[in-house]
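Asks: Structure: run.txt, compact mmCIF, C-alpha atoms and all ligand atoms.
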```
# COMPACT_ATOMS: atom_id res chain seq x y z
CA MET A 1 25.54 15.25 -19.83
CA GLY A 2 28.65 13.22 -18.97
CA VAL A 3 29.75 9.64 -19.39
CA TYR A 4 26.41 8.15 -18.40
CA HIS A 5 24.44 10.18 -20.93
CA HIS A 6 26.91 9.79 -23.79
CA CYS A 7 27.99 6.18 -23.33
CA VAL A 8 25.48 4.25 -21.21
CA PHE A 9 22.11 5.88 -21.76
CA PRO A 10 21.93 5.24 -25.56
CA TYR A 11 22.29 1.48 -24.96
CA LEU A 12 19.69 1.46 -22.19
CA LEU A 13 17.30 3.54 -24.29
CA ASP A 14 17.65 1.28 -27.30
CA LEU A 15 17.15 -1.80 -25.13
CA ALA A 16 14.05 -0.36 -23.46
CA MET A 17 12.53 0.96 -26.70
CA GLY A 18 13.15 -2.40 -28.37
CA SER A 19 10.92 -4.19 -25.88
CA ARG A 20 8.33 -6.42 -27.55
CA VAL A 21 5.75 -4.84 -25.26
CA PHE A 22 5.77 -1.83 -27.57
CA ASP A 23 5.44 -3.75 -30.86
CA GLN A 24 1.68 -3.86 -31.03
CA PRO A 25 1.12 -0.30 -29.75
CA ARG A 26 3.66 0.96 -32.29
CA ARG A 27 1.96 -0.89 -35.15
CA ARG A 28 -1.46 0.34 -34.06
CA THR A 29 -0.25 3.94 -33.76
CA LEU A 30 1.48 3.95 -37.15
CA ALA A 31 -1.21 2.05 -39.06
CA ARG A 32 -2.77 5.27 -40.37
CA ALA A 33 0.47 7.05 -41.31
CA SER A 34 0.21 8.39 -44.86
CA GLY A 35 1.20 11.25 -47.16
CA ARG A 36 4.12 13.45 -46.15
CA ILE A 37 5.20 12.22 -42.72
CA LEU A 38 7.32 13.82 -39.98
CA GLU A 39 8.45 11.75 -36.99
CA ILE A 40 9.56 13.76 -33.97
CA GLY A 41 11.83 12.18 -31.35
CA PHE A 42 13.07 9.49 -33.75
CA GLY A 43 15.31 8.01 -31.03
CA THR A 44 17.11 4.88 -32.16
CA GLY A 45 14.66 4.27 -35.01
CA ARG A 46 12.52 1.62 -33.35
CA ASN A 47 9.39 2.70 -35.26
CA LEU A 48 10.85 1.98 -38.69
CA PRO A 49 9.76 -1.69 -39.02
CA HIS A 50 6.24 -0.74 -37.96
CA TYR A 51 5.36 1.74 -40.70
CA PRO A 52 2.67 0.30 -42.97
CA PRO A 53 3.70 -0.95 -46.46
CA GLY A 54 2.31 2.17 -48.17
CA VAL A 55 4.90 4.38 -46.45
CA SER A 56 8.15 4.66 -48.41
CA ARG A 57 9.65 7.91 -47.07
CA ILE A 58 9.55 9.96 -43.87
CA GLU A 59 11.30 12.98 -42.43
CA ALA A 60 12.54 12.52 -38.88
CA ILE A 61 14.11 14.63 -36.15
CA ASP A 62 15.86 13.99 -32.87
CA PRO A 63 18.31 16.28 -31.05
CA ASP A 64 20.49 13.57 -29.48
CA ALA A 65 23.52 12.77 -31.67
CA ASP A 66 24.58 10.04 -29.21
CA LEU A 67 21.74 7.92 -30.59
CA ASP A 68 23.21 7.97 -34.12
CA ARG A 69 25.17 4.77 -33.52
CA PHE A 70 21.79 2.97 -33.38
CA SER A 71 19.58 5.10 -35.60
CA LEU A 72 21.87 5.52 -38.62
CA PRO A 73 22.45 1.77 -39.24
CA ARG A 74 18.71 1.21 -38.80
CA ILE A 75 17.98 3.92 -41.36
CA ALA A 76 20.50 2.37 -43.77
CA ALA A 77 18.85 -1.05 -43.45
CA SER A 78 15.25 0.16 -43.66
CA ARG A 79 12.93 -0.10 -46.67
CA VAL A 80 11.58 3.32 -45.57
CA ALA A 81 13.79 6.19 -46.75
CA VAL A 82 14.47 8.64 -43.92
CA ASP A 83 15.52 12.29 -44.22
CA PHE A 84 16.99 12.68 -40.76
CA HIS A 85 17.87 15.93 -38.97
CA HIS A 86 19.25 16.71 -35.52
CA LEU A 87 16.58 19.12 -34.33
CA ASN A 88 14.38 19.94 -31.35
CA ALA A 89 10.63 19.62 -31.77
CA GLU A 90 10.22 23.05 -30.18
CA HIS A 91 11.74 24.75 -33.27
CA LEU A 92 10.86 23.01 -36.51
CA PRO A 93 12.35 24.56 -39.64
CA PHE A 94 9.51 23.29 -41.84
CA GLU A 95 6.88 25.41 -43.54
CA GLY A 96 3.43 25.60 -42.02
CA ASP A 97 0.68 23.31 -43.38
CA SER A 98 3.30 21.02 -44.94
CA PHE A 99 2.78 17.54 -43.42
CA ASP A 100 -0.13 15.13 -43.69
CA THR A 101 1.00 13.14 -40.64
CA VAL A 102 3.17 13.85 -37.61
CA VAL A 103 4.25 10.79 -35.60
CA CYS A 104 5.52 10.91 -32.02
CA THR A 105 6.01 7.85 -29.83
CA LEU A 106 7.11 7.89 -26.20
CA THR A 107 8.64 11.34 -26.65
CA LEU A 108 6.17 13.93 -25.33
CA CYS A 109 7.35 12.74 -21.90
CA SER A 110 10.92 13.88 -22.68
CA ILE A 111 10.56 17.13 -24.61
CA PRO A 112 11.51 20.01 -22.27
CA ASP A 113 9.01 22.56 -23.62
CA VAL A 114 6.26 20.22 -24.72
CA VAL A 115 3.60 22.92 -25.04
CA HIS A 116 5.78 24.79 -27.53
CA ALA A 117 6.49 21.54 -29.39
CA LEU A 118 2.77 20.76 -29.66
CA GLY A 119 2.27 24.23 -31.11
CA GLU A 120 4.91 23.43 -33.73
CA VAL A 121 3.20 20.13 -34.54
CA HIS A 122 -0.04 22.01 -35.04
CA ARG A 123 1.69 24.60 -37.24
CA VAL A 124 3.37 22.15 -39.62
CA LEU A 125 0.33 19.90 -40.02
CA LYS A 126 -1.90 20.55 -43.01
CA PRO A 127 -5.53 21.33 -42.19
CA GLY A 128 -7.12 17.93 -41.56
CA GLY A 129 -3.68 16.40 -40.97
CA GLN A 130 -3.24 13.79 -38.28
CA PHE A 131 -1.05 13.59 -35.20
CA LEU A 132 -0.38 9.95 -34.33
CA PHE A 133 1.06 9.54 -30.88
CA LEU A 134 1.82 6.85 -28.35
CA GLU A 135 2.57 8.08 -24.86
CA HIS A 136 2.65 7.22 -21.19
CA GLY A 137 1.41 9.61 -18.53
CA LEU A 138 0.08 10.04 -15.03
CA SER A 139 -2.05 7.07 -14.04
CA PRO A 140 -5.68 7.62 -12.97
CA ASP A 141 -4.98 5.01 -10.24
CA ALA A 142 -3.95 6.96 -7.10
CA GLN A 143 -1.59 4.25 -5.87
CA VAL A 144 0.23 3.99 -9.20
CA ALA A 145 0.30 7.79 -9.48
CA GLY A 146 1.90 7.98 -6.02
CA TRP A 147 4.74 5.72 -7.14
CA GLN A 148 5.08 7.69 -10.37
CA HIS A 149 5.58 10.87 -8.32
CA ARG A 150 8.09 9.16 -6.02
CA LEU A 151 10.14 7.69 -8.89
CA ASN A 152 9.91 10.74 -11.16
CA PRO A 153 13.12 12.49 -9.96
CA ILE A 154 15.19 9.33 -10.53
CA GLN A 155 13.56 8.67 -13.89
CA GLN A 156 14.30 12.22 -15.04
CA ARG A 157 17.99 11.88 -14.17
CA LEU A 158 18.53 8.40 -15.55
CA GLY A 159 15.92 8.40 -18.32
CA GLY A 160 17.07 11.28 -20.48
CA GLY A 161 14.65 13.81 -18.99
CA CYS A 162 11.61 11.52 -19.22
CA HIS A 163 8.75 12.63 -16.93
CA LEU A 164 6.54 9.95 -15.40
CA VAL A 165 3.85 12.37 -14.27
CA ARG A 166 2.97 14.45 -17.32
CA GLU A 167 -0.73 14.81 -18.01
CA THR A 168 -0.33 14.44 -21.74
CA LEU A 169 -3.93 13.55 -22.54
CA ARG A 170 -5.26 16.56 -20.67
CA TRP A 171 -3.01 18.87 -22.72
CA TRP A 172 -4.35 17.29 -25.85
CA ARG A 173 -7.94 17.74 -24.80
CA ASP A 174 -7.16 21.39 -24.04
CA ARG A 175 -5.89 21.99 -27.56
CA ALA A 176 -7.85 19.32 -29.42
CA CYS A 177 -8.39 21.43 -32.50
CA PHE A 178 -7.11 19.00 -35.09
CA CYS A 179 -7.35 15.32 -35.83
CA VAL A 180 -5.76 13.34 -33.00
CA MET A 181 -5.19 9.64 -32.66
CA PRO A 182 -4.34 9.28 -28.98
CA SER A 183 -2.83 6.11 -27.72
CA THR A 184 -1.60 6.22 -24.16
CA ILE A 185 0.09 3.72 -21.89
CA THR A 186 -0.06 4.43 -18.17
C1 LIG B 201 12.04 7.55 -24.88
S1 LIG B 201 12.80 8.11 -26.33
C2 LIG B 201 11.64 7.55 -27.60
C3 LIG B 201 12.32 7.33 -28.94
C4 LIG B 201 11.41 6.84 -30.06
N1 LIG B 201 10.37 7.79 -30.36
C5 LIG B 201 10.81 5.49 -29.77
O1 LIG B 201 9.58 5.39 -29.69
O2 LIG B 201 11.58 4.52 -29.66
C6 LIG B 201 12.52 9.85 -26.29
C7 LIG B 201 13.20 10.61 -27.41
O3 LIG B 201 12.86 12.00 -27.33
C8 LIG B 201 13.96 12.71 -27.81
N2 LIG B 201 13.85 14.12 -27.43
C9 LIG B 201 14.25 14.70 -26.27
N3 LIG B 201 14.06 16.03 -26.32
C10 LIG B 201 13.52 16.29 -27.53
C11 LIG B 201 13.11 17.48 -28.19
N4 LIG B 201 13.23 18.68 -27.59
N5 LIG B 201 12.63 17.39 -29.45
C12 LIG B 201 12.52 16.18 -30.05
N6 LIG B 201 12.89 15.03 -29.49
C13 LIG B 201 13.39 15.07 -28.24
C14 LIG B 201 15.14 11.99 -27.20
O4 LIG B 201 16.37 12.31 -27.82
C15 LIG B 201 14.72 10.53 -27.39
O5 LIG B 201 15.19 10.03 -28.59
```
Please go through the file and, once you have read it, give me the structure as structure tokens.

Replies:
Amino acid sequence: MGVYHHCVFPYLLDLAMGSRVFDQPRRRTLARASGRILEIGFGTGRNLPHYPPGVSRIEAIDPDADLDRFSLPRIAASRVAVDFHHLNAEHLPFEGDSFDTVVCTLTLCSIPDVVHALGEVHRVLKPGGQFLFLEHGLSPDAQVAGWQHRLNPIQQRLGGGCHLVRETLRWWRDRACFCVMPSTIT
């Protein structure tokens, strides 16, 4: 924690997450969102404009209260109603089999105990529910992967715990027991 995390990081995060590069991947990832929806790692609310017109309400969680200065005004201005909670994805207080869709964009890289969090996603999804995620991970290109390993310690310190080298897709394949809509940027 400290001054950087409380005062500087939220601005940098919002700037980075607002990049137009993510617009199309966000729209593509969210296109199938329907029914009762939970977004984990809501961040500064950059997904809100990209929910399809049929979505009028979501529940959302994020543990970082320093992001409220961006997320709360975005929630207030959005056509999508948001029930927002400060929570970790590793411990969701929701009943099992209670969501049709769980959304997670660019967040599996930052969750400390991601295996536990994926278990929670699985638990709260209804049978046949869908997990819509957009993520970056370790590149299959050895040269890129080398740089990812070199830069990972700096990224983790300055990027809010974001890992550049997580093998997110492999974890999914290992526990691919429910409907998945993988979308990965490397
Ligand atoms: C790179 S940001 C992505 C934010 C947003 N999903 C987006 O696409 O713009 C990663 C987010 O993960 C959140 N996060 C970190 N640890 C978490 C946890 N244990 N459970 C849920 N979210 C977490 C951070 O607070 C941050 O908002």

Asks: Quick one: residues within 9 Å of region 62-79 of chain A, only C-alpha atoms, excluding same-chain residues fewer than 4 positions away - as a list in words?

Replies: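 Non-adjacent residues within range: His5, His6, Cys7, Phe9, Pro10, Tyr11, Leu13, Asp14, Glu39, Ile40, Gly41, Phe42, Gly43, Thr44, Gly45, Arg46, Leu48, Pro49, Ser56, Arg57, Phe84, His85, His86, Leu87, Asn88 and Ala89 of chain A.
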
Asks: Counting only C-alpha atoms, which residue out of A:Gln148, A:Ser110, A:Thr101, A:Asn47 sits closest to Pro127 (chain A)?

Replies: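 Using only C-alpha atoms, Pro127 (chain A) sits closest to A:Thr101.
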
Asks: With distances taken over all atoms listed in the file, which of A:Leu151, A:Leu12, A:Leu132, A:Met17 is nearest to ligand LIG 201 (chain B)?

Replies: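 Distance minimum relative to ligand LIG 201 (chain B) lands on A:Met17.
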
Asks: Find the residues near region 28-38 of chain A: any atom within 9 Å, counting all atoms listed in the file, skip ones fewer than 5 places away on the same chain, and give them as a list in words.

Replies: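 Contacts, with the query itself left out: Asp23, Asn47, His50, Tyr51, Pro52, Gly54, Val55, Arg57, Ile58, Glu59, Ala60, Ile61, Ser98, Phe99, Asp100, Thr101, Val102, Val103, Cys104, Thr105, Gln130, Leu132, Phe133, Leu134, Met181, Pro182 and Ser183 of chain A.
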
Asks: Given all atoms listed in the file as the basis, pick out the residue of A:Gly137, A:Val80, A:Val8, A:Phe131 nearest to Arg170 (chain A).

Replies: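 Among the listed residues, the smallest separation from Arg170 (chain A) belongs to A:Gly137.
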
Asks: Find the distance between CA of Arg20 (chain A) and atom C7 of ligand LIG 201 (chain B) and write it in Å to one decimal.

Replies: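 Between CA of Arg20 (chain A) and atom C7 of ligand LIG 201 (chain B) the gap is 17.7 Å.
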
Asks: Quick one: what's the axis-aligned box for region 114-121 of chain A, all listed atoms, 4 Å on every side, centre and edges in Å to one decimal, as AutoDock Vina command-line options?

Replies:
```
--center_x 4.4 --center_y 22.5 --center_z -29.6 --size_x 12.2 --size_y 12.7 --size_z 17.8
```
